[in-house]
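Raw contents of work-v6.cif, mmCIF, C-alpha atoms:
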```
data_model
loop_
_atom_site.label_atom_id
_atom_site.label_comp_id
_atom_site.auth_asym_id
_atom_site.auth_seq_id
_atom_site.Cartn_x
_atom_site.Cartn_y
_atom_site.Cartn_z
CA MET S 207 -9.79 -180.54 169.04
CA PHE S 208 -7.78 -178.42 171.48
CA SER S 209 -4.61 -180.19 170.37
CA ASP S 210 -5.56 -179.42 166.76
CA PHE S 211 -5.80 -175.71 167.60
CA ALA S 212 -2.58 -175.78 169.64
CA LYS S 213 -0.64 -177.23 166.71
CA ALA S 214 -2.14 -174.63 164.36
CA LEU S 215 -1.25 -171.82 166.76
CA ALA S 216 2.31 -173.10 167.12
CA GLN S 217 2.77 -172.86 163.35
CA LEU S 218 1.47 -169.29 163.08
CA SER S 219 4.99 -167.97 162.50
CA ASP S 220 5.31 -170.08 159.33
CA PRO S 221 6.11 -167.73 156.41
CA ARG S 222 3.33 -169.29 154.35
CA PHE S 223 0.82 -168.54 157.12
CA ARG S 224 1.99 -164.92 157.36
CA GLY S 225 1.90 -164.58 153.59
CA VAL S 226 -1.74 -165.67 153.40
CA VAL S 227 -2.75 -163.27 156.20
CA GLY S 228 -0.89 -160.41 154.54
CA ARG S 229 -2.40 -161.04 151.11
CA GLY S 230 -5.91 -161.29 152.56
CA ILE S 231 -5.65 -158.04 154.51
CA GLY S 232 -3.88 -156.23 151.67
CA LEU S 233 -6.47 -157.17 149.05
CA THR S 234 -9.27 -156.21 151.44
CA LEU S 235 -7.80 -152.75 152.04
CA ILE S 236 -7.33 -152.25 148.29
CA LEU S 237 -10.96 -153.21 147.67
CA LEU S 238 -12.32 -150.90 150.38
CA ILE S 239 -10.20 -147.97 149.15
CA ALA S 240 -11.33 -148.62 145.56
CA ILE S 241 -14.99 -148.65 146.67
CA TYR S 242 -14.46 -145.36 148.50
CA ILE S 243 -12.83 -143.70 145.47
CA VAL S 244 -15.52 -144.92 143.06
CA PHE S 245 -18.32 -143.82 145.43
CA VAL S 246 -16.91 -140.30 145.78
CA TRP S 247 -16.33 -140.06 142.02
CA VAL S 248 -19.85 -141.23 141.08
CA ALA S 249 -21.47 -138.99 143.70
CA GLY S 250 -19.48 -136.04 142.35
CA LEU S 251 -20.95 -136.58 138.89
CA PHE S 252 -24.52 -136.07 140.11
CA LEU S 253 -24.16 -133.56 142.97
CA PRO S 254 -23.46 -129.81 142.65
CA ASP S 255 -20.07 -128.42 143.55
CA THR S 256 -21.49 -126.22 146.33
CA ILE S 257 -24.63 -125.85 148.41
CA THR S 258 -25.93 -122.86 150.37
CA LEU S 259 -27.05 -123.42 153.95
CA PRO S 260 -28.80 -120.96 156.28
CA TRP S 261 -26.34 -119.07 158.52
CA LEU S 262 -23.43 -121.00 157.03
CA GLY S 263 -23.53 -119.66 153.52
CA GLU S 264 -21.96 -121.46 150.59
CA ILE S 265 -20.20 -124.76 151.37
CA GLY S 266 -18.11 -126.89 149.04
CA LEU S 267 -20.04 -130.14 148.72
CA GLY S 268 -17.04 -132.07 147.46
CA LEU S 269 -15.16 -131.62 150.73
CA VAL S 270 -18.24 -132.50 152.80
CA LEU S 271 -18.87 -135.57 150.67
CA SER S 272 -15.27 -136.74 150.95
CA ILE S 273 -15.17 -136.34 154.73
CA GLY S 274 -18.62 -137.85 155.27
CA SER S 275 -18.05 -140.82 152.99
CA PHE S 276 -14.68 -141.43 154.66
CA PHE S 277 -16.33 -141.91 158.05
CA VAL S 278 -19.09 -144.02 156.49
CA MET S 279 -16.43 -146.24 154.95
CA ILE S 280 -14.67 -146.56 158.30
CA GLY S 281 -17.95 -147.75 159.81
CA LEU S 282 -18.57 -150.20 156.98
CA SER S 283 -15.02 -151.48 157.29
CA ALA S 284 -15.65 -152.49 160.90
CA PHE S 285 -18.50 -154.67 159.67
CA LEU S 286 -17.04 -155.88 156.37
CA MET S 287 -13.32 -156.21 157.16
CA VAL S 288 -13.49 -159.70 158.66
CA PRO S 289 -15.85 -161.40 156.16
CA VAL S 290 -14.19 -159.76 153.16
CA ALA S 291 -10.70 -160.56 154.45
CA SER S 292 -11.90 -164.11 155.08
CA ALA S 293 -13.11 -164.37 151.49
CA PHE S 294 -9.81 -163.11 150.08
CA THR S 295 -7.82 -165.27 152.47
CA GLY S 296 -9.96 -168.25 151.47
CA ILE S 297 -8.50 -168.04 147.98
CA PHE S 298 -5.09 -168.92 149.43
CA LEU S 299 -6.07 -171.39 152.16
CA ASP S 300 -4.70 -174.26 150.08
CA ASP S 301 -1.27 -172.83 150.93
CA VAL S 302 -2.06 -173.09 154.65
CA ALA S 303 -3.24 -176.69 154.41
CA GLU S 304 -0.18 -177.54 152.34
CA ALA S 305 2.14 -175.97 154.94
CA VAL S 306 0.43 -177.99 157.71
CA GLU S 307 0.76 -181.23 155.76
CA ASP S 308 4.40 -180.56 154.89
CA ARG S 309 5.32 -180.08 158.55
CA HIS S 310 3.10 -182.60 160.32
CA TYR S 311 2.17 -185.20 157.69
CA PRO S 312 5.18 -185.42 155.35
CA ASP S 313 4.41 -189.02 154.30
CA LEU S 314 1.18 -188.00 152.56
CA PRO S 315 1.31 -187.83 148.77
CA ASP S 316 0.92 -184.39 147.21
CA ALA S 317 -2.72 -183.31 147.03
CA PRO S 318 -4.00 -181.87 143.74
CA ARG S 319 -4.54 -178.13 144.03
CA GLN S 320 -8.07 -176.90 143.56
CA ASN S 321 -8.88 -175.02 140.38
CA MET S 322 -8.49 -171.26 141.00
CA SER S 323 -11.89 -170.41 139.53
CA ASP S 324 -13.57 -172.96 141.82
CA THR S 325 -11.64 -171.57 144.79
CA ILE S 326 -12.75 -168.01 144.02
CA MET S 327 -16.38 -169.08 143.59
CA ASP S 328 -16.30 -171.03 146.87
CA SER S 329 -14.81 -168.02 148.68
CA LEU S 330 -17.40 -165.62 147.27
CA SER S 331 -20.18 -168.06 148.13
CA PHE S 332 -18.90 -168.31 151.71
CA LEU S 333 -18.69 -164.50 151.93
CA GLY S 334 -22.30 -164.16 150.78
CA ILE S 335 -23.51 -166.79 153.22
CA MET S 336 -21.58 -165.22 156.13
CA ILE S 337 -22.91 -161.71 155.47
CA GLY S 338 -26.45 -162.89 154.70
CA ALA S 339 -26.73 -165.20 157.71
CA ASN S 340 -25.38 -162.58 160.12
CA ALA S 341 -27.65 -159.90 158.65
CA ILE S 342 -30.68 -162.13 159.27
CA ALA S 343 -29.36 -163.00 162.72
CA LEU S 344 -29.48 -159.30 163.68
CA VAL S 345 -33.22 -159.80 164.25
CA LEU S 346 -32.47 -162.62 166.70
CA TYR S 347 -29.83 -160.50 168.43
CA LEU S 348 -32.46 -157.80 169.05
CA LEU S 349 -35.16 -160.24 170.18
CA PHE S 350 -32.87 -162.28 172.42
CA ASN S 351 -30.22 -159.72 173.31
CA VAL S 352 -29.11 -161.60 176.42
CA ALA S 353 -28.36 -164.68 174.34
CA ALA S 354 -26.90 -162.69 171.41
CA PRO S 355 -23.28 -163.85 171.99
CA LEU S 356 -24.37 -167.50 172.12
CA ILE S 357 -26.38 -167.09 168.90
CA PHE S 358 -23.40 -165.40 167.23
CA TRP S 359 -20.99 -168.15 168.27
CA ALA S 360 -23.39 -170.96 167.35
CA LEU S 361 -24.22 -169.50 163.92
CA ASN S 362 -20.72 -168.52 162.91
CA GLY S 363 -19.28 -171.67 164.49
CA PHE S 364 -21.48 -173.77 162.24
CA LEU S 365 -20.51 -171.74 159.16
CA LEU S 366 -16.78 -171.65 159.95
CA GLY S 367 -16.61 -175.34 160.84
CA ARG S 368 -18.50 -176.33 157.72
CA GLU S 369 -16.32 -174.19 155.45
CA TYR S 370 -12.89 -175.04 156.84
CA PHE S 371 -13.47 -178.75 157.33
CA GLN S 372 -14.87 -178.93 153.80
CA MET S 373 -11.78 -177.15 152.48
CA ALA S 374 -9.41 -179.51 154.29
CA ALA S 375 -11.32 -182.65 153.30
CA MET S 376 -11.72 -181.67 149.65
CA ARG S 377 -7.97 -181.74 149.16
CA ARG S 378 -7.95 -185.48 149.83
CA LEU S 379 -11.49 -186.74 149.25
CA GLY S 380 -12.97 -184.49 146.59
CA ARG S 381 -16.18 -182.48 147.00
CA ALA S 382 -18.55 -185.43 147.43
CA GLY S 383 -16.22 -187.28 149.80
CA ALA S 384 -15.68 -184.13 151.87
CA LYS S 385 -19.43 -183.63 152.22
CA ALA S 386 -19.86 -187.22 153.44
CA ALA S 387 -16.98 -186.84 155.92
CA ARG S 388 -18.46 -183.62 157.26
CA LYS S 389 -21.78 -185.35 157.93
CA ARG S 390 -19.99 -188.11 159.86
CA HIS S 391 -18.44 -185.61 162.27
CA VAL S 392 -20.95 -182.73 162.22
CA GLY S 393 -21.13 -182.39 166.01
CA GLU S 394 -17.40 -182.11 166.66
CA ILE S 395 -16.98 -179.83 163.65
CA TRP S 396 -19.69 -177.47 164.95
CA ILE S 397 -18.17 -177.32 168.44
CA ALA S 398 -14.69 -176.64 167.04
CA GLY S 399 -16.14 -173.98 164.75
CA ALA S 400 -17.89 -172.31 167.69
CA LEU S 401 -14.60 -172.15 169.57
CA MET S 402 -13.04 -170.53 166.50
CA ALA S 403 -15.95 -168.04 166.33
CA ILE S 404 -15.34 -166.66 169.84
CA PRO S 405 -12.26 -164.59 168.82
CA LEU S 406 -14.22 -163.10 165.88
CA SER S 407 -15.33 -160.32 168.22
CA ILE S 408 -11.72 -159.39 169.10
CA PRO S 409 -10.30 -156.73 166.71
CA LEU S 410 -7.12 -157.68 164.83
CA VAL S 411 -7.17 -161.19 166.32
CA ASN S 412 -10.21 -161.93 164.16
CA LEU S 413 -8.13 -161.37 161.03
CA LEU S 414 -6.07 -164.46 161.93
CA ILE S 415 -9.13 -166.72 162.22
CA PRO S 416 -9.24 -167.84 158.54
CA VAL S 417 -5.64 -169.07 158.67
CA LEU S 418 -5.94 -170.61 162.12
CA GLY S 419 -9.24 -172.19 161.10
CA ALA S 420 -7.79 -173.73 157.95
CA ALA S 421 -4.81 -175.11 159.88
CA THR S 422 -6.91 -176.38 162.80
CA PHE S 423 -9.40 -178.17 160.59
CA THR S 424 -6.62 -179.68 158.50
CA HIS S 425 -5.35 -181.29 161.71
CA MET S 426 -8.91 -182.29 162.65
CA PHE S 427 -9.51 -183.88 159.27
CA MET S 428 -6.30 -185.89 159.52
CA ARG S 429 -7.21 -186.98 163.06
CA LEU S 430 -10.74 -188.04 162.11
CA GLU S 431 -10.23 -189.33 158.58
CA GLY S 432 -6.48 -189.86 158.24
CA ARG S 433 -6.70 -193.64 158.63
CA GLN S 434 -8.97 -193.82 155.59
CA LEU S 435 -6.22 -192.22 153.49
CA GLN S 436 -3.78 -194.98 154.38
CA LYS S 437 -6.04 -197.84 153.29
#
```

Would it be possible to restate this file's structure as structure tokens?
Amino acid sequence: MFSDFAKALAQLSDPRFRGVVGRGIGLTLILLIAIYIVFVWVAGLFLPDTITLPWLGEIGLGLVLSIGSFFVMIGLSAFLMVPVASAFTGIFLDDVAEAVEDRHYPDLPDAPRQNMSDTIMDSLSFLGIMIGANAIALVLYLLFNVAAPLIFWALNGFLLGREYFQMAAMRRLGRAGAKAARKRHVGEIWIAGALMAIPLSIPLVNLLIPVLGAATFTHMFMRLEGRQLQK
């Protein structure tokens, strides 16, 4: 699995890799800015223009709201940036797998591209699962704070491995075949996913994880199941 990651890392300069990362981050920033603008606009409809505070006198509430909501959005971004960027990036991960196959497995026949609506639904589903599972895990982090990093890596490793191996396998085996392949190699997939989850706590580096994960698990799928494709 380390060789799978090394090959994925070596291809990080591929224009198609950079394009997917850029689109994922760009769409995430647009979404967060749009949420901020809508929040300020809606709040402005229901709140007065000014408020009077003791010793401070009359204060423009619009300015306070804009500044306060800006810092709230910055805080939310730290929590939401990675999962949301992962969801957006997930829409384009077919491009990553295709780039890996073109460079390393050129003899493979072209894989049918997944329907865009299915891709979007899968990405949104993964986003919901990631946020929901980590929100629930906050309780475990508080109860077992010493083991919190291990819980984080184990949980997100399972989710990342499941998602990215499934994505890579579906291109060649379909949804049912990918599920069966994942069950055959669940242990190795989980360990590889946990190794991918470790950099999730490193700012900026974590934004590369979706692309590196897709590439790594494409190599892993070919290593584990590639012989079946040649029969």

message: Give me the residues near stretch 296-310 of chain S as number ranges by chain, where near means some atom within 9 Å (using only C-alpha atoms) and where sequence neighbours in that chain fewer than 2 positions away do not count.
response: S: 214, 217, 220, 222-223, 226, 229-230, 291-294, 312-314, 316-317, 319-320, 322, 325-326, 328-330, 332, 373-374, 377, 416-418, 420-421, 423-425

query: Please, what distance in Å, to one decimal, runs between atom CA of S:Gly363 and atom CA of S:Leu401?
result: 6.9 Å

- request: Check which residues satisfy the PyMOL selection byres ((chain S and resi 429) around 12) in the file shown, then give them as a list in words.
  value: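 Selection result, ordered by chain and number: Met207, Ser209, Asp210, His310, Tyr311, Phe371, Ala374, Ala375, His391, Glu394, Thr422, Phe423, Thr424, His425, Met426, Phe427, Met428, Leu430, Glu431, Gly432, Arg433, Gln434 and Leu435 of chain S.
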
query: Do you know which residues lie at most 8 Å from (-5.8, -156.4, 158.6), with coordinates as in the file and all atoms listed in the file counted, and could you write them as a PyMOL selection string?
result: chain S and resi 227-228+230-232+234-235+287+291+410+413

task: Kindly resolve the PyMOL selection byres ((chain S and resi 400) around 6) on the present coordinates and return the residues as a list in words.
output: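 Here the PyMOL selection byres ((chain S and resi 400) around 6) matches Trp359, Ala360, Gly363, Ile397, Ala398, Gly399, Leu401, Met402 and Ala403 of chain S.
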
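Coordinates place atom CA of S:Ile415 at a distance of 10.6 Å from atom CA of S:Tyr370.
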
field: Length of the atom CA of S:Ile337 to atom CA of S:Asn362 vector [Å]
entry: 10.3 Å

Can you tell me, as JSON, the centre and edge lengths (Å, one decimal) of the axis-aligned box enclosing all of stretch 385-400 of chain S's listed atoms after padding each side by 4 Å?
```
{"center_x": -18.2, "center_y": -180.2, "center_z": 160.3, "size_x": 15.1, "size_y": 23.8, "size_z": 24.2}
```

task: Name the closest residue to S:Gly338 among the candidates S:Val248, S:Leu365, S:Ala384, S:Val392; distances are taken between atoms, counting all atoms listed in the file.
output: S:Leu365
